[in-house]
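Peer 1: I am attaching a structure below and will ask some questions about it afterwards.
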Amino acid sequence: MKKIKVLVIFGTRPEAVKMAPIVKALKKNPDAFVSKICVTAQHRYMLDQVLRIFDIQPDYDLNIFEDGQTLTQITCRALMGLEEVIEDFKPDLVLVQGDTTTVFSGALAAFYHQVKIGHVEAGLRSGNLYSPYPEEVNRILTGVLADFHFAPTQTSKNNLLREGYDESKIFITGNTSIDALKWVIDENYIFEDEAINKIDFKNKKVILLTAHRRENIGRPMENIFSALKDIVEENRDVEVIYPMHLNPKVREIAHKVFKSMERVHLIEPLDYLPFTNLMNKCYLVVTDSGGVQEEAPSLGKPVLVVRRETERPEGIEAGTARLVGTDRANICKELNILLHDQEEYKKMANSVNPYGDGRAAEYIIQAIKDNF
Ligand code: UD1
Ligand code: UDP
C-alpha cells in the first residue's frame with residue numbers, strides 16, 4: 001500500500017495539546033503514514049511550552065509570532081509560509097485542529113494546492129458569528145474546505161448534518177484533549193512552583209481562573225475579574241489562581257482589577273502538566289477557554305463558563321458546566337451557590353466524559369486509513 005503523506009499543521013497552545021496525541025499516533029503507524037509537522041508559531045512561548053512537554057520537534061517552523069499581530073497579519077503570514085511548506089513536502093493530506101486563525105489558514109493553503117484536508121474537532125457551533133470571535137467563523141470556513149470532518153460528539157456531527165455535509169465524511173471520534181489528559185494526571189503531583197505547593201488545597205477553596213477571549217477583552221473581562229475580587233473579599237477561605245494568558249491587553253485588565261490582593265495569585269502561563277494537575281486539585285474552575293471546558297468535566301470539577309454563548313454545550317448538558325455570562329452580579333451569585341451550597345456543588349462535581357473515551361487520535365487515524 002502506498003503510504004499517505006500527512007502534514008500536521010498547528011500554531012497555538014490548545015492546538016498543540018490536541019494535536020500531540022495525533023502526532024504520536026501517526027508516528028506509531030509508519031507502515032501507513034509518512035508525517036511531518038509544521039508549526040506556524042502563531043503563539044511562540046505558549047506553543048513551545050507544549051512542544052517541550054510532549055517532546056515534539058517540528059519539521060517546519062514558520063515562526064510568524066509577533067507581539068500584537070492583527071488577524072489579517074496572522075492569516076497572511078501563515079498562508080505565505082504554508083505555501084512553501086506544502087510545495088516542499090507535497091502532502092496527500094493536511095490535518096488541522098480546531099478554530100484558530102492558523103487552522104483556517106492551514107485549510108486554505110491546502111485547498112489552494114488541492115490537497116485533501118482533515119478537520120479535527122469539526123462541527124462545534126455557537127450560532128453567533130461574533131462569539132467566539134473570530135473562532136466561530138474560522139471553524140465554519142474550515143468545514144467548508146474539509147474532506148474529512150472529525151467531530152468530537154454526536155452534537156457536533158448533528159451540526160454538520162444540519163448544514164448539509166455528507167454523512168460518510170463525518171466521523172465521531174471524541175476529543176483528543178481527553179487522550180492528552182489521560183497521560184498527565186497524577187494524584188500525587190508535586191508542583192515545582194513553591195507558591196502553588198504552599199496553598200492548602202484541603203482547607204481552602206481554590207478557584208482556578210483562565211480568561212483570554214477576544215470578545216471578552218474590555219468591559220466583560222473587567223466584570224469577570226471584579227466578580228472574583230468581590231468573592232475573595234467576602235470569603236476568607238477562597239484563593240484564586242490565574243495563570244495569565246500572555247496577551248498584554250488581558251494582563252493589563254487583570255493587574256488593574258486585582259492590584260496586589262493577597263489571595264489572588266496572578267502567575268505566568270503554566271506548563272500543561274502543572275496546569276492540568278492544578279485543575280485536578282482545585283475546588284472549581286472559572287473560564288472562557290474552550291479546551292478547559294472540555295477538560296474540567298472529565299476531572300469532575302464544576303466549571304462556570306464566563307461567556308454569553310458556548311459552542312461546547314456537552315458539559316452543560318452533563319451538569320458539570322454552567323454558562324454564566326459576563327455580568328458581575330450574576331457571576332458572584334453563581335459562585336456563592338457553589339461555595340456555600342454543598343448539595344449544589346456535589347451535583348456539579350461529577351466526573352463525566354462527554355468528549356469520548358480518550359482514544360480519539362486512534363479513531364482518527366483509523367478513519368483516515370479506511371477512507372483515504
Ligand atoms: C489564539 C486563538 C484562539 C485561542 C487562543 C488560545 C486566533 C484568532 N485566536 O488567541 O482561538 O483560543 O489562541 O490561547 O487564532 N502572546 C505572547 N506569546 C505567546 C502567545 C501570545 O506574547 O506565546 C501575546 C501576544 O502579544 C499576542 C497576543 O498574546 O499578540 C494574542 O495572541 P493571538 O495568537 O493573536 O491570539 P490569542 O488571544 O492568543
Ligand atoms: N493550559 C495550559 N497552561 C495554562 C492554561 C491552559 O497548559 O496556563 C492548557 C489547557 O489545559 C488546555 C489548553 O491550554 O489544554 C487551553 O488553551 P487556551 O485556554 O489558551 O485556548 P482555548 O482552548 O480557549 O482555545
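Quick note on naming: the chains in the C-alpha cells go A, B, ... in the order shown, residues restart at 1 in each chain, and ligands are numbered from 1 in order of appearance.
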Report as an MDAnalysis selection string: the residues of segment 119-319 of chain A with a DSSP assignment of strand (DSSP E or B), based on the backbone of this structure.
Peer 2: chainID A and resid 119:120 128 131 148:151 170:172 205:210 238:243 264:267 284:287 303:305
Peer 1: Which of segment 48-121 of chain A counts as alpha helix (DSSP H) under DSSP, as a PyMOL selection string please?
Peer 2: chain A and resi 48-54+71-89+101-112
Peer 1: Please, could you write that set of residues out with N, CA, C and O atoms as a short mmCIF file (atom, residue, chain, number, x, y, z; two decimals), in the first residue's frame?
Peer 2:
```
data_model
loop_
_atom_site.label_atom_id
_atom_site.label_comp_id
_atom_site.auth_asym_id
_atom_site.auth_seq_id
_atom_site.Cartn_x
_atom_site.Cartn_y
_atom_site.Cartn_z
N ASP A 48 5.72 26.62 22.53
CA ASP A 48 6.95 25.90 22.86
C ASP A 48 6.81 25.14 24.18
O ASP A 48 7.39 24.07 24.36
N GLN A 49 6.05 25.73 25.10
CA GLN A 49 5.78 25.04 26.38
C GLN A 49 5.20 23.65 26.11
O GLN A 49 5.59 22.67 26.71
N VAL A 50 4.23 23.59 25.18
CA VAL A 50 3.55 22.31 24.92
C VAL A 50 4.46 21.37 24.12
O VAL A 50 4.52 20.17 24.38
N LEU A 51 5.19 21.91 23.16
CA LEU A 51 6.10 21.08 22.36
C LEU A 51 7.10 20.37 23.28
O LEU A 51 7.40 19.19 23.10
N ARG A 52 7.56 21.12 24.28
CA ARG A 52 8.54 20.57 25.21
C ARG A 52 7.94 19.41 26.02
O ARG A 52 8.51 18.34 26.11
N ILE A 53 6.75 19.65 26.55
CA ILE A 53 6.11 18.63 27.40
C ILE A 53 5.88 17.34 26.61
O ILE A 53 6.06 16.24 27.13
N PHE A 54 5.45 17.47 25.35
CA PHE A 54 5.13 16.27 24.58
C PHE A 54 6.30 15.81 23.71
O PHE A 54 6.15 14.88 22.92
N LEU A 71 -5.41 40.00 13.08
CA LEU A 71 -5.88 38.74 12.47
C LEU A 71 -5.43 38.66 11.02
O LEU A 71 -5.03 37.60 10.53
N THR A 72 -5.48 39.78 10.31
CA THR A 72 -5.06 39.79 8.91
C THR A 72 -3.59 39.42 8.78
O THR A 72 -3.20 38.64 7.91
N GLN A 73 -2.77 40.00 9.66
CA GLN A 73 -1.33 39.71 9.59
C GLN A 73 -1.06 38.23 9.86
O GLN A 73 -0.26 37.60 9.16
N ILE A 74 -1.74 37.68 10.87
CA ILE A 74 -1.53 36.25 11.17
C ILE A 74 -1.92 35.42 9.94
O ILE A 74 -1.18 34.53 9.51
N THR A 75 -3.07 35.72 9.37
CA THR A 75 -3.58 34.95 8.22
C THR A 75 -2.59 35.03 7.06
O THR A 75 -2.23 34.01 6.46
N CYS A 76 -2.17 36.23 6.72
CA CYS A 76 -1.32 36.41 5.53
C CYS A 76 0.04 35.73 5.73
O CYS A 76 0.52 35.03 4.85
N ARG A 77 0.63 35.93 6.90
CA ARG A 77 1.96 35.37 7.12
C ARG A 77 1.91 33.85 7.18
O ARG A 77 2.79 33.16 6.66
N ALA A 78 0.84 33.32 7.77
CA ALA A 78 0.72 31.86 7.84
C ALA A 78 0.51 31.30 6.43
O ALA A 78 1.18 30.33 6.03
N LEU A 79 -0.36 31.94 5.66
CA LEU A 79 -0.65 31.45 4.30
C LEU A 79 0.61 31.43 3.43
O LEU A 79 0.88 30.45 2.73
N MET A 80 1.37 32.51 3.48
CA MET A 80 2.59 32.60 2.67
C MET A 80 3.58 31.50 3.05
O MET A 80 4.14 30.82 2.20
N GLY A 81 3.77 31.32 4.34
CA GLY A 81 4.72 30.31 4.81
C GLY A 81 4.25 28.91 4.47
O GLY A 81 5.04 28.05 4.07
N LEU A 82 2.96 28.68 4.65
CA LEU A 82 2.43 27.33 4.42
C LEU A 82 2.52 26.93 2.95
O LEU A 82 2.69 25.76 2.62
N GLU A 83 2.40 27.91 2.08
CA GLU A 83 2.52 27.61 0.65
C GLU A 83 3.86 26.93 0.35
O GLU A 83 3.93 25.91 -0.31
N GLU A 84 4.92 27.52 0.91
CA GLU A 84 6.26 26.95 0.67
C GLU A 84 6.38 25.54 1.24
O GLU A 84 6.97 24.66 0.63
N VAL A 85 5.80 25.35 2.43
CA VAL A 85 5.89 24.04 3.07
C VAL A 85 5.13 23.00 2.25
O VAL A 85 5.62 21.88 2.01
N ILE A 86 3.96 23.35 1.79
CA ILE A 86 3.15 22.40 1.01
C ILE A 86 3.86 22.08 -0.30
O ILE A 86 3.91 20.93 -0.75
N GLU A 87 4.46 23.08 -0.91
CA GLU A 87 5.19 22.83 -2.16
C GLU A 87 6.42 21.96 -1.92
O GLU A 87 6.79 21.14 -2.75
N ASP A 88 7.02 22.10 -0.77
CA ASP A 88 8.22 21.30 -0.45
C ASP A 88 7.85 19.85 -0.13
O ASP A 88 8.41 18.92 -0.70
N PHE A 89 6.88 19.65 0.77
CA PHE A 89 6.58 18.29 1.25
C PHE A 89 5.59 17.55 0.34
O PHE A 89 5.57 16.32 0.28
N THR A 101 -6.84 31.01 13.84
CA THR A 101 -6.51 31.57 12.53
C THR A 101 -5.50 30.68 11.81
O THR A 101 -5.53 30.56 10.58
N THR A 102 -4.65 30.02 12.56
CA THR A 102 -3.74 29.02 11.95
C THR A 102 -4.55 27.92 11.26
O THR A 102 -4.20 27.47 10.17
N VAL A 103 -5.62 27.49 11.89
CA VAL A 103 -6.43 26.39 11.34
C VAL A 103 -7.04 26.81 10.00
O VAL A 103 -6.94 26.10 8.99
N PHE A 104 -7.67 27.96 9.98
CA PHE A 104 -8.28 28.42 8.73
C PHE A 104 -7.21 28.64 7.65
O PHE A 104 -7.38 28.22 6.50
N SER A 105 -6.09 29.25 8.03
CA SER A 105 -5.02 29.48 7.04
C SER A 105 -4.49 28.15 6.52
O SER A 105 -4.20 28.01 5.33
N GLY A 106 -4.34 27.18 7.40
CA GLY A 106 -3.84 25.85 7.00
C GLY A 106 -4.79 25.20 6.00
O GLY A 106 -4.35 24.63 4.99
N ALA A 107 -6.07 25.29 6.29
CA ALA A 107 -7.05 24.68 5.39
C ALA A 107 -7.05 25.40 4.04
O ALA A 107 -7.10 24.77 2.98
N LEU A 108 -6.97 26.73 4.09
CA LEU A 108 -7.00 27.49 2.83
C LEU A 108 -5.75 27.21 1.99
O LEU A 108 -5.83 27.02 0.76
N ALA A 109 -4.61 27.15 2.65
CA ALA A 109 -3.36 26.87 1.92
C ALA A 109 -3.44 25.49 1.26
O ALA A 109 -3.03 25.31 0.10
N ALA A 110 -3.99 24.51 1.98
CA ALA A 110 -4.12 23.16 1.41
C ALA A 110 -5.08 23.20 0.22
O ALA A 110 -4.80 22.63 -0.85
N PHE A 111 -6.18 23.89 0.39
CA PHE A 111 -7.18 23.97 -0.69
C PHE A 111 -6.58 24.60 -1.95
O PHE A 111 -6.80 24.13 -3.07
N TYR A 112 -5.79 25.65 -1.77
CA TYR A 112 -5.17 26.31 -2.93
C TYR A 112 -4.25 25.35 -3.70
O TYR A 112 -3.99 25.55 -4.87
#
```
Peer 1: Distance atom CA of Met244 of chain A-atom 6 (C, counted along the ligand's line) of ligand 2, one decimal place?
Peer 2: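 Rounded to one decimal, the two atoms are 9.0 Å apart.
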Peer 1: Between A:Thr70, A:Ser260, A:Asn197, A:Thr40, which is the closest to ligand 1 once you count only C-alpha atoms and all ligand atoms?
Peer 2: A:Thr70
Peer 1: Tell me which of A:Asp271, A:Asp357, A:Glu334, A:Glu15 sits closest to ligand 1, counting only C-alpha atoms and all ligand atoms.
Peer 2: A:Glu15
Peer 1: Kindly indicate which residue among A:Leu266, A:Val184, A:Leu246, A:Met348 lies nearest to ligand 1, using only C-alpha atoms and all ligand atoms for the distances.
Peer 2: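 Using only C-alpha atoms and all ligand atoms, the shortest distance to ligand 1 belongs to A:Leu246.
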Peer 1: Can you tell me how far atom CA of Val303 of chain A sits from atom CA of Asp288 of chain A, in Å to one decimal?
Peer 2: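 According to the coordinates, atom CA of Val303 of chain A and atom CA of Asp288 of chain A are separated by 9.8 Å.
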